[in-house]
Every structure is written in C-alpha cells, then in structure tokens.
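This is start.cif. It holds mmCIF, C-alpha atoms.
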```
data_upload
loop_
_atom_site.label_atom_id
_atom_site.label_comp_id
_atom_site.auth_asym_id
_atom_site.auth_seq_id
_atom_site.Cartn_x
_atom_site.Cartn_y
_atom_site.Cartn_z
CA MET A 822 21.87 -31.78 -32.31
CA THR A 823 24.93 -30.22 -30.72
CA ALA A 824 28.01 -32.06 -29.55
CA PRO A 825 27.12 -31.79 -25.81
CA ASP A 826 23.69 -33.22 -26.57
CA LEU A 827 25.25 -36.15 -28.40
CA VAL A 828 27.56 -36.80 -25.46
CA ASP A 829 24.62 -36.73 -22.99
CA SER A 830 22.57 -39.07 -25.18
CA ALA A 831 25.48 -41.50 -25.46
CA ALA A 832 26.02 -41.39 -21.69
CA GLN A 833 22.33 -42.08 -21.03
CA ALA A 834 22.32 -44.98 -23.49
CA ALA A 835 25.41 -46.48 -21.86
CA ALA A 836 23.87 -46.14 -18.40
CA SER A 837 20.66 -47.79 -19.59
CA ALA A 838 22.63 -50.66 -21.09
CA GLN A 839 24.52 -51.22 -17.86
CA ARG A 840 21.45 -50.99 -15.65
CA PRO A 841 20.01 -54.47 -14.95
CA SER A 842 16.46 -55.24 -16.02
CA LEU A 843 13.59 -54.99 -13.58
CA PHE A 844 13.30 -58.77 -13.38
CA ARG A 845 16.99 -59.15 -12.54
CA GLN A 846 16.72 -56.45 -9.90
CA MET A 847 13.87 -58.37 -8.28
CA LEU A 848 15.90 -61.59 -8.35
CA ARG A 849 18.77 -59.83 -6.61
CA ASN A 850 16.44 -58.58 -3.90
CA HIS A 851 16.32 -61.25 -1.19
CA SER A 852 13.05 -59.90 0.22
CA VAL A 853 11.28 -60.40 -3.11
CA THR A 854 12.77 -63.87 -3.56
CA PHE A 855 11.91 -65.11 -0.07
CA GLY A 856 8.43 -63.56 -0.07
CA THR A 857 7.58 -64.94 -3.49
CA VAL A 858 8.79 -68.47 -2.68
CA VAL A 859 6.89 -68.67 0.62
CA LEU A 860 3.75 -67.14 -0.85
CA LEU A 861 3.79 -69.50 -3.83
CA ALA A 862 4.26 -72.41 -1.44
CA MET A 863 1.16 -71.35 0.51
CA VAL A 864 -0.85 -70.97 -2.69
CA ILE A 865 0.20 -74.42 -3.89
CA LEU A 866 -0.66 -75.95 -0.50
CA GLY A 867 -4.14 -74.48 -0.69
CA LEU A 868 -4.74 -75.54 -4.28
CA VAL A 869 -3.54 -79.14 -3.95
CA ALA A 870 -4.74 -79.71 -0.38
CA PRO A 871 -6.80 -82.82 -1.29
CA TYR A 872 -3.67 -84.49 -2.69
CA LEU A 873 -1.38 -83.86 0.29
CA GLY A 874 -2.53 -86.74 2.47
CA THR A 875 -5.39 -84.79 4.03
CA ILE A 876 -8.83 -85.96 5.08
CA ASP A 877 -12.13 -84.12 5.47
CA PRO A 878 -11.24 -81.13 7.71
CA ALA A 879 -14.79 -81.10 9.12
CA SER A 880 -14.80 -84.81 10.05
CA ILE A 881 -15.46 -85.10 13.81
CA ASP A 882 -14.34 -88.09 15.89
CA PRO A 883 -14.54 -87.49 19.68
CA VAL A 884 -12.62 -90.69 20.35
CA TRP A 885 -9.50 -89.16 18.77
CA ARG A 886 -9.74 -85.65 20.21
CA ASN A 887 -6.68 -83.74 21.45
CA LYS A 888 -4.11 -86.19 20.13
CA VAL A 889 -0.48 -85.11 19.96
CA PRO A 890 1.32 -84.69 16.61
CA GLY A 891 2.43 -87.97 15.08
CA THR A 892 -0.46 -90.06 16.44
CA GLU A 893 -1.22 -92.97 14.13
CA ARG A 894 -4.66 -94.50 13.61
CA THR A 895 -6.63 -96.57 11.12
CA ILE A 896 -9.39 -94.93 9.12
CA THR A 897 -11.97 -96.46 6.81
CA LEU A 898 -12.20 -94.97 3.33
CA PRO A 899 -15.56 -94.52 1.55
CA SER A 900 -14.67 -97.61 -0.47
CA GLY A 901 -14.55 -99.65 2.75
CA GLU A 902 -10.78 -100.07 2.75
CA ASP A 903 -8.92 -99.59 6.04
CA VAL A 904 -5.71 -97.56 5.78
CA ALA A 905 -3.18 -96.25 8.29
CA PHE A 906 -3.30 -92.50 8.83
CA ILE A 907 -0.92 -90.30 10.79
CA HIS A 908 -2.11 -87.07 12.39
CA ARG A 909 0.97 -85.04 11.52
CA MET A 910 -0.14 -82.05 13.59
CA GLY A 911 -2.37 -83.87 16.03
CA THR A 912 -6.11 -83.35 16.47
CA ASP A 913 -8.28 -80.63 18.02
CA SER A 914 -10.85 -80.85 20.80
CA LEU A 915 -13.42 -82.38 18.42
CA GLY A 916 -11.11 -85.01 16.97
CA ARG A 917 -10.60 -83.23 13.65
CA ASP A 918 -7.26 -83.62 11.91
CA LEU A 919 -5.32 -80.41 12.52
CA TYR A 920 -3.03 -80.91 9.53
CA SER A 921 -6.00 -81.05 7.15
CA ARG A 922 -7.62 -78.01 8.75
CA VAL A 923 -4.44 -75.92 8.56
CA ILE A 924 -3.82 -76.80 4.91
CA TYR A 925 -7.42 -76.13 3.89
CA GLY A 926 -7.40 -72.95 5.99
CA ALA A 927 -4.77 -71.46 3.68
CA ARG A 928 -7.43 -71.21 0.97
CA ILE A 929 -9.69 -68.86 2.95
CA SER A 930 -6.87 -66.65 4.19
CA LEU A 931 -5.33 -66.21 0.74
CA ILE A 932 -8.72 -65.65 -0.92
CA VAL A 933 -9.63 -62.98 1.62
CA GLY A 934 -6.26 -61.25 1.29
CA LEU A 935 -6.32 -61.28 -2.51
CA PHE A 936 -9.87 -60.03 -2.95
CA VAL A 937 -9.58 -57.38 -0.25
CA ALA A 938 -6.46 -56.04 -1.99
CA LEU A 939 -8.15 -56.05 -5.41
CA ILE A 940 -11.35 -54.39 -4.19
CA SER A 941 -9.69 -51.73 -2.06
CA VAL A 942 -7.11 -50.87 -4.75
CA ALA A 943 -9.72 -50.70 -7.54
CA ILE A 944 -12.16 -48.52 -5.60
CA GLY A 945 -9.44 -46.45 -3.95
CA LEU A 946 -7.75 -45.83 -7.30
CA THR A 947 -10.97 -44.58 -8.89
CA ILE A 948 -11.87 -42.29 -5.99
CA GLY A 949 -8.29 -41.05 -5.60
CA LEU A 950 -7.95 -40.14 -9.28
CA VAL A 951 -11.17 -38.16 -9.28
CA SER A 952 -10.56 -36.53 -5.92
CA GLY A 953 -6.99 -35.52 -6.70
CA TYR A 954 -7.76 -34.08 -10.12
CA ILE A 955 -11.13 -32.36 -9.56
CA ARG A 956 -10.34 -29.63 -7.05
CA TRP A 957 -13.87 -28.78 -5.90
CA LEU A 958 -14.63 -32.44 -5.19
CA ASP A 959 -11.41 -33.05 -3.28
CA GLY A 960 -12.53 -31.49 0.00
CA ILE A 961 -15.80 -33.43 0.14
CA VAL A 962 -14.25 -36.80 -0.67
CA MET A 963 -11.33 -36.44 1.72
CA ARG A 964 -13.59 -35.49 4.65
CA VAL A 965 -15.52 -38.71 4.07
CA MET A 966 -12.27 -40.67 3.90
CA ASP A 967 -11.03 -39.01 7.09
CA GLY A 968 -14.24 -40.04 8.81
CA LEU A 969 -13.73 -43.67 7.81
CA MET A 970 -10.11 -43.61 8.92
CA ALA A 971 -11.14 -42.27 12.32
CA ILE A 972 -12.81 -45.62 13.06
CA PRO A 973 -10.40 -48.48 13.93
CA ASN A 974 -10.27 -51.21 11.30
CA ILE A 975 -11.30 -53.99 13.65
CA LEU A 976 -14.27 -52.11 15.11
CA LEU A 977 -15.56 -51.09 11.69
CA ALA A 978 -15.16 -54.64 10.37
CA ILE A 979 -16.92 -56.10 13.42
CA GLY A 980 -19.79 -53.63 12.96
CA LEU A 981 -20.21 -54.48 9.29
CA VAL A 982 -20.07 -58.24 9.92
CA SER A 983 -22.61 -57.91 12.74
CA LEU A 984 -24.87 -55.93 10.42
CA TRP A 985 -24.69 -58.22 7.39
CA GLY A 986 -23.99 -61.60 9.01
CA ALA A 987 -20.91 -63.82 8.99
CA GLY A 988 -19.60 -65.23 5.72
CA VAL A 989 -16.65 -65.08 3.38
CA VAL A 990 -18.14 -62.35 1.16
CA THR A 991 -19.20 -60.29 4.16
CA VAL A 992 -15.76 -60.55 5.74
CA ILE A 993 -14.07 -59.50 2.49
CA ILE A 994 -16.29 -56.42 2.18
CA ALA A 995 -15.96 -55.58 5.88
CA ILE A 996 -12.16 -55.68 5.69
CA ALA A 997 -11.95 -53.87 2.32
CA VAL A 998 -14.01 -50.85 3.39
CA PRO A 999 -11.51 -49.59 6.03
CA GLU A 1000 -8.62 -50.09 3.61
CA ILE A 1001 -10.10 -47.93 0.85
CA PRO A 1002 -9.33 -44.53 2.47
CA ARG A 1003 -5.64 -45.41 2.74
CA VAL A 1004 -5.46 -46.21 -0.95
CA VAL A 1005 -7.41 -43.04 -1.76
CA ARG A 1006 -4.95 -40.87 0.14
CA LEU A 1007 -1.99 -42.51 -1.60
CA VAL A 1008 -3.44 -42.05 -5.09
CA ARG A 1009 -4.57 -38.51 -4.31
CA SER A 1010 -1.08 -37.48 -3.20
CA ILE A 1011 0.36 -38.81 -6.47
CA VAL A 1012 -2.27 -37.07 -8.57
CA LEU A 1013 -1.74 -33.74 -6.79
CA SER A 1014 1.91 -33.79 -7.79
CA ILE A 1015 1.35 -35.05 -11.34
CA ARG A 1016 -1.43 -32.69 -12.36
CA GLU A 1017 1.00 -29.75 -12.18
CA GLU A 1018 3.47 -31.36 -14.56
CA PRO A 1019 4.03 -29.64 -17.93
CA TYR A 1020 2.82 -32.59 -20.00
CA VAL A 1021 -0.50 -32.62 -18.14
CA GLU A 1022 -0.90 -28.88 -18.54
CA ALA A 1023 -0.09 -29.25 -22.24
CA ALA A 1024 -2.78 -31.92 -22.60
CA ILE A 1025 -5.29 -29.62 -20.91
CA SER A 1026 -4.33 -26.68 -23.11
CA VAL A 1027 -5.08 -28.60 -26.31
CA GLY A 1028 -8.50 -29.58 -25.03
CA THR A 1029 -7.92 -33.22 -24.07
CA PRO A 1030 -10.95 -34.57 -22.14
CA LEU A 1031 -10.66 -35.55 -18.47
CA ILE A 1032 -10.82 -39.35 -18.92
CA PRO A 1033 -7.97 -39.58 -21.47
CA ILE A 1034 -5.80 -37.34 -19.30
CA LEU A 1035 -6.33 -39.57 -16.28
CA TYR A 1036 -5.87 -42.76 -18.30
CA ARG A 1037 -2.81 -41.74 -20.35
CA HIS A 1038 -0.87 -39.38 -18.11
CA VAL A 1039 -1.91 -39.91 -14.48
CA LEU A 1040 -2.78 -43.60 -14.13
CA PRO A 1041 0.61 -45.00 -15.30
CA ASN A 1042 2.36 -43.11 -12.51
CA THR A 1043 0.24 -44.82 -9.85
CA VAL A 1044 0.94 -48.43 -10.87
CA ALA A 1045 4.17 -48.96 -8.91
CA PRO A 1046 2.98 -47.36 -5.63
CA LEU A 1047 -0.34 -49.20 -5.84
CA LEU A 1048 1.41 -52.52 -6.42
CA VAL A 1049 3.37 -52.04 -3.23
CA GLN A 1050 0.34 -50.78 -1.31
CA GLY A 1051 -1.67 -53.77 -2.51
CA THR A 1052 0.77 -56.19 -0.87
CA TYR A 1053 0.47 -54.37 2.45
CA VAL A 1054 -3.32 -54.39 2.18
CA CYS A 1055 -3.23 -58.13 1.46
CA ALA A 1056 -1.10 -58.83 4.54
CA SER A 1057 -3.31 -56.64 6.72
CA ALA A 1058 -6.45 -58.36 5.41
CA ILE A 1059 -5.10 -61.83 6.22
CA LEU A 1060 -4.31 -60.70 9.76
CA VAL A 1061 -7.66 -58.94 10.29
CA GLU A 1062 -9.54 -62.00 9.00
CA ALA A 1063 -7.69 -64.17 11.52
CA ILE A 1064 -8.54 -61.70 14.31
CA LEU A 1065 -12.21 -61.62 13.35
CA SER A 1066 -12.38 -65.42 13.21
CA PHE A 1067 -10.53 -65.67 16.51
CA LEU A 1068 -13.11 -63.34 18.09
CA GLY A 1069 -15.95 -65.41 16.63
CA VAL A 1070 -17.34 -62.71 14.31
CA GLY A 1071 -15.65 -63.71 11.06
CA ILE A 1072 -15.83 -66.89 9.01
CA PRO A 1073 -18.31 -69.46 10.46
CA PRO A 1074 -16.62 -72.06 12.74
CA GLU A 1075 -17.43 -74.96 10.43
CA THR A 1076 -15.16 -73.46 7.76
CA PRO A 1077 -11.48 -74.09 8.56
CA THR A 1078 -9.46 -70.88 8.82
CA TRP A 1079 -6.33 -70.19 10.78
CA GLY A 1080 -8.21 -67.80 13.06
CA ASN A 1081 -10.96 -70.34 13.76
CA ILE A 1082 -8.44 -73.08 14.52
CA MET A 1083 -6.59 -70.90 17.02
CA ALA A 1084 -9.86 -69.75 18.60
CA GLU A 1085 -10.95 -73.34 19.17
CA GLY A 1086 -7.58 -74.30 20.65
CA ARG A 1087 -7.05 -71.36 22.99
CA VAL A 1088 -8.96 -72.95 25.88
CA LEU A 1089 -6.54 -75.90 26.10
CA PHE A 1090 -3.47 -74.00 24.96
CA GLN A 1091 -1.36 -74.83 28.02
CA VAL A 1092 -2.07 -78.56 27.72
CA PHE A 1093 -2.20 -78.89 23.91
CA PRO A 1094 -0.23 -75.96 22.45
CA HIS A 1095 -0.09 -77.56 19.00
CA ASN A 1096 -3.69 -76.45 18.38
CA ILE A 1097 -2.48 -72.83 18.21
CA MET A 1098 1.17 -73.24 17.34
CA PHE A 1099 0.77 -74.78 13.87
CA PRO A 1100 -1.87 -72.40 12.46
CA GLY A 1101 -0.03 -69.50 14.12
CA VAL A 1102 3.21 -70.41 12.34
CA PHE A 1103 1.46 -70.63 8.97
CA LEU A 1104 -0.28 -67.31 9.57
CA ALA A 1105 2.95 -65.57 10.61
CA LEU A 1106 4.90 -66.98 7.66
CA THR A 1107 2.26 -65.87 5.17
CA ILE A 1108 2.04 -62.33 6.54
CA LEU A 1109 5.83 -62.10 6.71
CA ALA A 1110 6.14 -63.28 3.10
CA VAL A 1111 3.61 -60.75 1.80
CA ASN A 1112 5.22 -57.90 3.74
CA LEU A 1113 8.71 -58.84 2.55
CA LEU A 1114 7.41 -59.00 -1.01
CA GLY A 1115 5.98 -55.51 -0.61
CA ASP A 1116 9.22 -54.16 0.84
CA GLY A 1117 11.22 -55.74 -1.97
CA LEU A 1118 8.90 -54.33 -4.64
CA ARG A 1119 9.16 -50.88 -3.08
CA ASP A 1120 12.96 -51.05 -3.08
CA THR A 1121 13.04 -52.30 -6.67
CA LEU A 1122 10.43 -50.00 -8.21
CA ASP A 1123 11.66 -46.85 -6.45
CA PRO A 1124 14.51 -45.45 -8.59
CA ARG A 1125 16.24 -44.02 -5.52
CA MET A 1126 16.19 -47.38 -3.73
CA ALA A 1127 16.89 -49.45 -6.86
CA LYS A 1128 20.40 -47.96 -7.17
CA ARG A 1129 21.52 -50.30 -4.41
CA PHE A 1130 20.73 -53.44 -6.41
#
```
Go ahead and express the file in the form of structure tokens.
Amino acid sequence: MTAPDLVDSAAQAAASAQRPSLFRQMLRNHSVTFGTVVLLAMVILGLVAPYLGTIDPASIDPVWRNKVPGTERTITLPSGEDVAFIHRMGTDSLGRDLYSRVIYGARISLIVGLFVALISVAIGLTIGLVSGYIRWLDGIVMRVMDGLMAIPNILLAIGLVSLWGAGVVTVIIAIAVPEIPRVVRLVRSIVLSIREEPYVEAAISVGTPLIPILYRHVLPNTVAPLLVQGTYVCASAILVEAILSFLGVGIPPETPTWGNIMAEGRVLFQVFPHNIMFPGVFLALTILAVNLLGDGLRDTLDPRMAKRF
C-alpha cells in the first residue's frame, strides 16, 4: 500500500470514529424523538386500556347520553359494589363512555396501520425486486401497478369493502392493496440503479443465481428506504381507516374506532363538540407522530441529510 493510500485510510478511519452512531443520530433528531414518544404512548394506552379507569366501551345507558366531560355518576360493578365514576371525556348519544371508547379505539387504528404497512411492504418488496431485475417482466408488472394507482385509494378501498363485507381483516386488505403499487415503484427504482453496479455485474459474470443476487446484493440497499416508506404507509392507513369508518363502510359500528366515534358524534357536533374533538385529537396526534418518525428516519438514514446531525 502506497503512502497516499495509507493517508486516505487513516483519514477515513478518523472520520468514522468522529461520526456519531446511528442510535445517537436518531436521539439528536427531534422528529424521531417526538414521534417515537407519542407513538409509544398510544401503543401503551391501547395495551393497558382495561387498567386505565375504563369501563365497557359498548355499554349503553340512554339515561346518561350526551353528558359533558367531567360528569360524575355511580355505577354498579359485576360484584354488586357501587363506585363513583367520572366520565372524563363525557358520553355519546347512546350513553357510552367516550373516554373508554377513545382509549380502546387506539387498538384498532394501530393494528390496521401496522398490518397494512407490513403487508404492503412485504408484497411490494417482492414484486419490486422481481420487476426491477427481470427486464422482460418489468413492463407487464408496471402497467398493472399503474392501473391500480389510477384508482383513488378511498374509492378502491370502498369497493373492496363493499365486495367482501365490513370487518377488520377486510379493511386491512382493502387499504393495503392501493398502497402496494407505491412500494413497488420505490423498490423498482432502487433495483434499476443497483443492478448496473459493478459488484452485481461481477456476481452475474461468475454465474451466481438470481435469488442469491437479490438477497445478498440488492435487498440490503432497500431496507432504509422501505423503513421510511413503511411509516408513511402506516400513517396513511390509519387515516384511511378513520375515513372509511366515518363513512360507515369500514369497521362495524359496535367496534370502537376513532372514525366510528366521530361519525356517531357528527350529528350533534355543534351542541356536543367533545364527541368529535377528543377522538380527532388522538387521531391527529397519532398520524403526526408516525409522519414525524418517518421524516426523522429519512433524515437520519440518508447520508446526505445525516451530515446535519
């Protein structure tokens, strides 16, 4: 090794030593910190909902309908004991505790967002890898993806839900299908640039099969972009699920979701705004947290953006 090479190697080693670790870069990014904290708070609320002073979110009591936040009442437990209970967020038009419904509604929204992101990323990654690497198949696959993208997300989801019936699984599939083409296009664009790299051409020249090439050389380069894209898909799925439930074509009304709660409270919004305000705030905070997390991950994982941190 020549002297200039030794100097370059020493300079690169010194730069690597001074560069903060990926975890420290994420901690320095306020978007990642805020998004992670809020998102973890929502997850914890959904998981420990029965232990946060909630009652059955489906319990109907017409006598206590449309009560303002802070209304106190006495309820009888299954054991026969009478205890004081405060409706922290008031009640809806059927007398159900809004606080309990909002907390339990976090479960459905987060489940839908998570599974839609996982399904769309997994399927989109597979199709994008094959489409971007196999040239003759690329045109056929992308025309199908373009056809799906030509249909608005909401209309396609409504059509699929109407065809298969309302339910959590149906809503997840109906929301995931329109998101797949966007993931496919992202992965395809990455593969098109990577397959011309010298190390890929070298692997082809020595007779390496297709699957090992995709797994060893192409797939690792898609992890960071897909991680960021997955957060955006999750946020979009949570919003679309709320829209579908608000329109009455999503999760059944008996299951508490933020969209269902707002749909039931829209009629009396001017008189009892708390029926929409509280679930709306939780929905907005969750989507904001996921989007900020995605922006922070993009800034941290992109070498050009990471120089700022």
Counting all atoms listed in the file, what are the residues of range 1084-1122 of chain A within 12 Å of range 864-867 of chain A, and for each of them which pair of atoms is the nearest and at what distance in Å, to one decimal? Sort the table by chain and rising number, as a Markdown table.
```
| residue | atom | partner | partner_atom | distance |
| --- | --- | --- | --- | --- |
| A:Phe1103 | CA | A:Leu866 | CA | 11.1 |
| A:Thr1107 | CA | A:Val864 | CA | 9.9 |
| A:Ala1110 | CA | A:Val864 | CA | 11.9 |
```
Legend entry - Chain and number of each residue from the PyMOL selection byres ((chain A and resi 919) around 10), as an MDAnalysis selection string: chainID A and resid 875:876 878 887:888 890 908:914 916:918 920:925 1077 1082 1095:1097 1099:1100
Inset, instruction - Check which residues satisfy the PyMOL selection byres ((chain A and resi 1004-1016) around 10) in the file shown, then give them as JSON, numbers by chain. - result: {"A": [938, 941, 942, 943, 944, 945, 946, 947, 948, 949, 950, 951, 952, 953, 954, 955, 956, 959, 962, 963, 966, 967, 999, 1000, 1001, 1002, 1003, 1017, 1018, 1019, 1020, 1021, 1022, 1025, 1034, 1035, 1038, 1039, 1040, 1042, 1043, 1044, 1046, 1047, 1050, 1051, 1054]}
Go through range 864-965 of chain A and flag each residue having an atom no more than 9 Å from range 980-993 of chain A; for those, report the closest pair of atoms plus their distance in Å to one decimal, using only C-alpha atoms, ordered by chain and rising number, as a Markdown table.
```
| residue | atom | partner | partner_atom | distance |
| --- | --- | --- | --- | --- |
| A:Ile929 | CA | A:Val989 | CA | 7.9 |
| A:Ile932 | CA | A:Ile993 | CA | 8.8 |
| A:Val933 | CA | A:Ile993 | CA | 5.7 |
| A:Gly934 | CA | A:Ile993 | CA | 8.1 |
| A:Phe936 | CA | A:Ile993 | CA | 6.9 |
| A:Val937 | CA | A:Ile993 | CA | 5.7 |
| A:Ile940 | CA | A:Ile993 | CA | 8.8 |
```
Legend entry - Nearest candidate to Leu1068 in chain A (options A:Val998, A:Ala978, A:Ala971, A:Ile1032; using all atoms listed in the file):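 Nearest to Leu1068 in chain A: A:Ala978.
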Inset, instruction - Give the answer as one residue: which of A:Ala1058, A:Ala1063, A:Val904, A:Ala1024 has the shortest atom-to-atom distance to Leu1104 in chain A, using only C-alpha atoms? - result: A:Ala1063
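From CA of Thr854 in chain A back to CA of Leu1048 in chain A, the distance works out to 16.3 Å.
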Inset, instruction - Compare A:Val1049, A:Ile1059, A:Leu977, A:Ala1084 by their minimum atom-to-atom distance to Leu1113 in chain A, counting only C-alpha atoms, and give me the closest one. - result: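 Closest to Leu1113 in chain A of all the choices is A:Val1049.
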Where atoms are missing, can you supply N, CA and C atoms for range 1061-1072 of chain A and output the lot as a PDB file, keeping the file's coordinate frame?
```
ATOM      1  N   VAL A1061      -6.360 -59.369   9.759  1.00  0.00           N
ATOM      2  CA  VAL A1061      -7.660 -58.940  10.290  1.00  0.00           C
ATOM      3  C   VAL A1061      -8.673 -60.083  10.200  1.00  0.00           C
ATOM      4  N   GLU A1062      -8.630 -60.852   9.112  1.00  0.00           N
ATOM      5  CA  GLU A1062      -9.540 -62.000   9.000  1.00  0.00           C
ATOM      6  C   GLU A1062      -9.286 -63.001  10.115  1.00  0.00           C
ATOM      7  N   ALA A1063      -8.018 -63.250  10.432  1.00  0.00           N
ATOM      8  CA  ALA A1063      -7.690 -64.170  11.520  1.00  0.00           C
ATOM      9  C   ALA A1063      -8.176 -63.622  12.860  1.00  0.00           C
ATOM     10  N   ILE A1064      -8.065 -62.315  13.048  1.00  0.00           N
ATOM     11  CA  ILE A1064      -8.540 -61.700  14.310  1.00  0.00           C
ATOM     12  C   ILE A1064     -10.053 -61.819  14.422  1.00  0.00           C
ATOM     13  N   LEU A1065     -10.755 -61.523  13.329  1.00  0.00           N
ATOM     14  CA  LEU A1065     -12.210 -61.620  13.350  1.00  0.00           C
ATOM     15  C   LEU A1065     -12.666 -63.058  13.631  1.00  0.00           C
ATOM     16  N   SER A1066     -12.026 -64.018  12.970  1.00  0.00           N
ATOM     17  CA  SER A1066     -12.380 -65.420  13.210  1.00  0.00           C
ATOM     18  C   SER A1066     -12.038 -65.841  14.625  1.00  0.00           C
ATOM     19  N   PHE A1067     -10.923 -65.347  15.139  1.00  0.00           N
ATOM     20  CA  PHE A1067     -10.530 -65.670  16.510  1.00  0.00           C
ATOM     21  C   PHE A1067     -11.540 -65.122  17.502  1.00  0.00           C
ATOM     22  N   LEU A1068     -12.115 -63.949  17.200  1.00  0.00           N
ATOM     23  CA  LEU A1068     -13.110 -63.340  18.090  1.00  0.00           C
ATOM     24  C   LEU A1068     -14.497 -63.938  17.895  1.00  0.00           C
ATOM     25  N   GLY A1069     -14.667 -64.772  16.865  1.00  0.00           N
ATOM     26  CA  GLY A1069     -15.950 -65.410  16.630  1.00  0.00           C
ATOM     27  C   GLY A1069     -16.921 -64.591  15.817  1.00  0.00           C
ATOM     28  N   VAL A1070     -16.451 -63.552  15.113  1.00  0.00           N
ATOM     29  CA  VAL A1070     -17.340 -62.710  14.310  1.00  0.00           C
ATOM     30  C   VAL A1070     -16.930 -62.710  12.841  1.00  0.00           C
ATOM     31  N   GLY A1071     -16.115 -63.661  12.437  1.00  0.00           N
ATOM     32  CA  GLY A1071     -15.650 -63.710  11.060  1.00  0.00           C
ATOM     33  C   GLY A1071     -16.250 -64.874  10.304  1.00  0.00           C
ATOM     34  N   ILE A1072     -15.387 -65.721   9.752  1.00  0.00           N
ATOM     35  CA  ILE A1072     -15.830 -66.890   9.010  1.00  0.00           C
ATOM     36  C   ILE A1072     -16.516 -67.859   9.975  1.00  0.00           C
TER      37      ILE A1072
END
```
